[in-house]
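**Student:** Next up, work25.txt (compact mmCIF, C-alpha atoms and all ligand atoms).
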```
# COMPACT_ATOMS: atom_id res chain seq x y z
CA MET A 1123 0.00 0.00 0.00
CA HIS A 1124 1.38 3.38 -0.98
CA VAL A 1125 0.61 6.77 0.57
CA VAL A 1126 1.72 9.30 -2.05
CA HIS A 1127 2.75 12.83 -1.09
CA TYR A 1128 3.92 15.65 -3.34
CA ASN A 1129 6.25 18.51 -2.43
CA SER A 1130 3.72 21.32 -1.96
CA ASP A 1131 6.45 23.73 -0.81
CA LYS A 1132 7.81 23.76 -4.37
CA TYR A 1133 5.00 22.63 -6.70
CA PRO A 1134 1.37 23.78 -7.03
CA ASN A 1135 -0.03 20.29 -7.61
CA ILE A 1136 0.95 16.66 -8.08
CA SER A 1137 1.01 16.90 -11.88
CA MET A 1138 3.79 19.48 -11.67
CA ALA A 1139 5.72 17.48 -9.04
CA VAL A 1140 5.51 14.00 -10.55
CA ASP A 1141 8.58 14.25 -12.82
CA LYS A 1142 10.80 16.31 -10.48
CA SER A 1143 13.64 14.68 -8.55
CA ASP A 1144 12.34 16.29 -5.33
CA GLY A 1145 8.70 15.97 -6.32
CA LEU A 1146 7.28 12.98 -4.46
CA ALA A 1147 7.62 11.13 -1.17
CA VAL A 1148 5.86 7.79 -0.86
CA LEU A 1149 5.25 5.69 2.26
CA GLY A 1150 5.16 1.99 1.41
CA VAL A 1151 3.62 -0.75 3.53
CA LEU A 1152 4.05 -4.46 2.82
CA ILE A 1153 0.83 -6.41 3.29
CA GLU A 1154 0.44 -10.12 3.92
CA ILE A 1155 -2.67 -12.26 3.89
CA GLY A 1156 -3.74 -13.04 7.44
CA LYS A 1157 -6.01 -11.40 9.95
CA PHE A 1158 -8.90 -9.23 8.77
CA ASN A 1159 -7.94 -5.54 8.89
CA PRO A 1160 -10.91 -3.29 9.77
CA ASN A 1161 -8.91 -0.13 9.00
CA TYR A 1162 -8.55 -1.08 5.34
CA GLU A 1163 -12.34 -1.41 5.04
CA GLN A 1164 -12.44 2.40 5.17
CA PHE A 1165 -11.59 2.37 1.48
CA LEU A 1166 -11.95 -1.29 0.39
CA LYS A 1167 -15.71 -1.04 0.85
CA PHE A 1168 -15.76 1.57 -1.92
CA ILE A 1169 -13.70 -0.48 -4.37
CA ASN A 1170 -16.64 -1.39 -6.61
CA GLY A 1171 -17.09 2.34 -7.28
CA ILE A 1172 -13.74 2.44 -9.13
CA LYS A 1173 -13.92 -0.77 -11.18
CA TYR A 1174 -12.85 0.91 -14.42
CA ARG A 1175 -10.12 3.28 -15.58
CA ASP A 1176 -10.72 6.95 -14.69
CA HIS A 1177 -13.53 6.17 -12.27
CA LYS A 1178 -13.44 8.22 -9.09
CA VAL A 1179 -15.20 7.69 -5.80
CA GLN A 1180 -15.49 10.00 -2.80
CA VAL A 1181 -14.43 8.37 0.47
CA PRO A 1182 -15.30 9.87 3.87
CA GLY A 1183 -12.27 11.27 5.67
CA PHE A 1184 -10.30 8.89 7.87
CA ASN A 1185 -6.98 8.79 9.69
CA VAL A 1186 -4.27 7.52 7.32
CA ARG A 1187 -2.16 6.60 10.35
CA ALA A 1188 -4.48 3.62 10.87
CA LEU A 1189 -3.30 2.18 7.53
CA LEU A 1190 0.35 2.19 8.62
CA PRO A 1191 2.15 -0.29 10.86
CA THR A 1192 3.33 0.33 14.40
CA HIS A 1193 6.91 1.64 14.75
CA LEU A 1194 6.88 4.37 12.12
CA ASP A 1195 10.50 4.99 13.12
CA GLU A 1196 11.64 1.66 11.62
CA TYR A 1197 12.01 1.94 7.87
CA TYR A 1198 14.16 1.65 4.78
CA ARG A 1199 14.67 4.78 2.66
CA TYR A 1200 16.07 5.23 -0.85
CA ASP A 1201 15.76 7.34 -3.99
CA GLY A 1202 13.52 5.46 -6.37
CA SER A 1203 10.84 5.85 -8.95
CA LEU A 1204 7.16 5.52 -9.76
CA THR A 1205 6.02 1.90 -9.89
CA THR A 1206 3.79 2.65 -12.88
CA PRO A 1207 4.56 4.24 -16.27
CA PRO A 1208 6.12 6.66 -16.97
CA CYS A 1209 8.24 5.43 -14.00
CA TYR A 1210 9.84 8.82 -13.33
CA PRO A 1211 12.74 8.64 -10.84
CA SER A 1212 11.02 11.24 -8.66
CA VAL A 1213 10.22 9.32 -5.47
CA LEU A 1214 11.84 9.40 -2.06
CA TRP A 1215 10.72 5.97 -0.85
CA THR A 1216 10.12 5.09 2.78
CA ILE A 1217 9.28 1.41 3.29
CA PHE A 1218 8.29 0.41 6.80
CA ARG A 1219 10.01 -2.55 8.42
CA ASN A 1220 6.79 -4.00 9.88
CA HIS A 1221 4.14 -5.57 7.68
CA LEU A 1222 0.36 -5.50 8.00
CA THR A 1223 -2.25 -8.12 7.24
CA ILE A 1224 -5.53 -8.10 5.38
CA SER A 1225 -7.80 -11.13 5.16
CA GLN A 1226 -7.97 -13.49 2.18
CA LYS A 1227 -11.42 -12.03 1.45
CA GLN A 1228 -10.10 -8.45 1.53
CA PHE A 1229 -7.23 -9.47 -0.74
CA MET A 1230 -9.61 -11.14 -3.20
CA ALA A 1231 -11.70 -7.94 -3.32
CA LEU A 1232 -8.57 -6.03 -4.36
CA ALA A 1233 -7.38 -8.70 -6.78
CA THR A 1234 -10.66 -9.20 -8.64
CA ALA A 1235 -12.63 -5.93 -8.48
CA LEU A 1236 -10.51 -3.74 -10.75
CA TYR A 1237 -10.04 -3.43 -14.50
CA SER A 1238 -7.43 -1.43 -16.37
CA SER A 1239 -9.87 -0.89 -19.25
CA ASN A 1240 -12.63 1.71 -19.59
CA ALA A 1241 -16.22 0.86 -18.66
CA GLN A 1242 -17.35 1.11 -22.32
CA ASP A 1243 -14.60 -1.14 -23.75
CA SER A 1244 -15.89 -4.40 -25.24
CA VAL A 1245 -13.18 -6.48 -23.54
CA ALA A 1246 -12.58 -5.86 -19.81
CA ILE A 1247 -8.89 -6.24 -18.86
CA PRO A 1248 -8.53 -7.37 -15.23
CA MET A 1249 -5.99 -5.37 -13.24
CA HIS A 1250 -3.62 -7.76 -11.52
CA SER A 1251 -0.07 -9.16 -11.92
CA ASN A 1252 0.95 -5.80 -13.44
CA PHE A 1253 3.78 -5.06 -11.00
CA ARG A 1254 7.00 -3.49 -12.18
CA LYS A 1255 10.11 -5.68 -12.27
CA PRO A 1256 12.83 -4.95 -9.67
CA GLN A 1257 15.28 -2.35 -10.97
CA LEU A 1258 19.07 -2.23 -10.82
CA VAL A 1259 20.41 -0.61 -7.67
CA ASP A 1260 23.09 1.28 -9.65
CA SER A 1261 25.04 3.47 -7.22
CA ARG A 1262 22.15 4.05 -4.84
CA VAL A 1263 22.29 3.22 -1.17
CA VAL A 1264 19.42 2.12 1.02
CA LEU A 1265 19.27 3.85 4.38
CA VAL A 1266 18.03 1.81 7.34
CA SER A 1267 16.65 3.53 10.42
CA PHE A 1268 16.89 0.58 12.82
CA LYS A 1269 19.41 -1.95 14.06
CA GLU A 1270 19.97 -5.17 12.18
CA ASP A 1271 22.79 -7.63 12.73
CA ASP A 1272 24.37 -7.50 9.31
CA TYR A 1273 25.40 -3.87 9.04
CA PHE A 1274 27.17 -1.29 11.08
CA TRP A 1275 25.03 0.61 13.58
CA ILE A 1276 26.12 3.95 15.03
CA SER A 1277 23.45 5.18 17.41
CA THR A 1278 19.71 5.59 17.79
CA GLY A 1279 18.20 7.96 15.29
CA LEU A 1280 20.99 7.80 12.75
CA LEU A 1281 20.36 6.45 9.31
CA VAL A 1282 23.06 4.00 8.35
CA PRO A 1283 23.76 3.32 4.69
CA ILE A 1284 24.09 -0.30 3.60
CA LEU A 1285 25.06 -1.45 0.15
CA ILE A 1286 22.65 -3.93 -1.37
C1 LIG A 1301 -1.14 22.24 -11.93
O1 LIG A 1301 -0.50 23.49 -11.91
C2 LIG A 1301 -0.15 23.98 -13.20
C3 LIG A 1301 0.70 25.26 -13.00
O2 LIG A 1301 0.06 26.15 -12.10
C4 LIG A 1301 -1.42 24.20 -14.02
O3 LIG A 1301 -1.07 24.66 -15.32
C5 LIG A 1301 -2.17 22.88 -14.13
O4 LIG A 1301 -3.41 23.07 -14.79
C6 LIG A 1301 -2.42 22.30 -12.74
N1 LIG A 1301 -2.97 20.95 -12.91
C7 LIG A 1301 -3.97 20.48 -12.19
C8 LIG A 1301 -4.37 19.07 -12.45
O5 LIG A 1301 -4.53 21.15 -11.34
```
Before anything else, please render the file you have as structure tokens.

**Tutor:**
Amino acid sequence: MHVVHYNSDKYPNISMAVDKSDGLAVLGVLIEIGKFNPNYEQFLKFINGIKYRDHKVQVPGFNVRALLPTHLDEYYRYDGSLTTPPCYPSVLWTIFRNHLTISQKQFMALATALYSSNAQDSVAIPMHSNFRKPQLVDSRVVLVSFKEDDYFWISTGLLVPILI
């Protein structure tokens, strides 16, 4: 799950920020199938309102914090890119160490409800298995905000670069 932010100090809207190297900051949460997650129902229950490309649905306001794991201070951070075309390298990624769960039923709602085609198209193209392949690390480093055994740790609060 991604929470996408744009740099509103420098750009008037997300369209202007999306291709800038300091344009976007995305929080990423890894989700496993397991226990039912009531917090994710706050938008999953509206998923049938956005079945087709360009559909929009209004969702009542809710606290985004509830969609994130505990320990917001434990994360990986690196300069990366959009996961969808045009894949601009404009994203400061923060991926939390801890994962969340949604139930099998919640996962199936996500995996089967959506189409990448328009409502009026004669053939509906299901939207799944469309993830971007892992990219080369090149000269980038991944910063880690917490202690792990296999890299050098300095002190609490410092981000320590590791080579991957
Ligand atoms: C974003 O801002 C630019 C520059 O002010 C403007 O031309 C454009 O129409 C805006 N786009 C949206 C989607 O609001």

**Student:** Applying 12 Å and all atoms listed in the file, which residues near region 1248-1263 of chain A remain after dropping the ones on its own chain fewer than 4 positions away? List them as a ChimeraX atom specification.

**Tutor:** /A:1172-1175,1198-1209,1211,1214-1215,1229-1241,1281-1286

**Student:** Step by step, measure atom-to-atom distances between ligand LIG 1301 (chain A) and each residue using all atoms listed in the file, keep those at most 12 Å, then write them as a PyMOL selection string.

**Tutor:** chain A and resi 1128+1130+1132-1140

**Student:** Given the choices A:Phe1165, A:Asp1144, A:Thr1223, A:Val1125, which gets closest to Val1181 (chain A) if the distance is worked out from only C-alpha atoms?

**Tutor:**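 Going through A:Phe1165, A:Asp1144, A:Thr1223, A:Val1125 one by one, the smallest distance to Val1181 (chain A) is for A:Phe1165.
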
**Student:** Would you mind reading off the distance between CA of Gly1150 (chain A) and CA of Asn1220 (chain A), one decimal, in Å?

**Tutor:**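 According to the coordinates, CA of Gly1150 (chain A) and CA of Asn1220 (chain A) are separated by 10.5 Å.
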
**Student:** So how far away is CA of Gly1145 (chain A) from CA of Val1179 (chain A), in Å?

**Tutor:**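 Distance between the two atoms: 25.3 Å.
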
**Student:** Report, in Å with one decimal, the straight-line distance from CA of Val1126 (chain A) to CA of Leu1149 (chain A).

**Tutor:**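 These atoms are spaced 6.6 Å apart.
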
**Student:** Skipping near chain neighbours, those fewer than 2 positions away, what residues fall within 8 Å of Glu1196 (chain A) using only C-alpha atoms, listed as a short mmCIF file (atom, residue, chain, number, x, y, z; two decimals) with C-alpha atoms, keeping the file's coordinate frame?

**Tutor:**
```cif
data_model
loop_
_atom_site.label_atom_id
_atom_site.label_comp_id
_atom_site.auth_asym_id
_atom_site.auth_seq_id
_atom_site.Cartn_x
_atom_site.Cartn_y
_atom_site.Cartn_z
CA HIS A 1193 6.91 1.64 14.75
CA LEU A 1194 6.88 4.37 12.12
CA TYR A 1198 14.16 1.65 4.78
CA PHE A 1218 8.29 0.41 6.80
CA ARG A 1219 10.01 -2.55 8.42
CA ASN A 1220 6.79 -4.00 9.88
CA VAL A 1266 18.03 1.81 7.34
CA SER A 1267 16.65 3.53 10.42
CA PHE A 1268 16.89 0.58 12.82
#
```

**Student:** Nearest to Leu1152 (chain A) among A:His1221, A:Arg1187, A:Lys1227, A:Lys1178, with distances taken over all atoms listed in the file: which residue is it?

**Tutor:**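 Selected residue with least distance to Leu1152 (chain A): A:His1221.
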
**Student:** Can you work out which one of A:Asp1141, A:His1124, A:Pro1182, A:Val1213 has the shortest atom-to-atom distance to Glu1163 (chain A), counting all atoms listed in the file?

**Tutor:**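 Ranking A:Asp1141, A:His1124, A:Pro1182, A:Val1213 by distance to Glu1163 (chain A), first place goes to A:Pro1182.
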
**Student:** Rank nothing, just name the residue among A:Leu1146, A:Asn1161, A:Leu1166, A:Gly1171 nearest to Thr1216 (chain A), using all atoms listed in the file.

**Tutor:**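 Among the listed residues, the smallest separation from Thr1216 (chain A) belongs to A:Leu1146.
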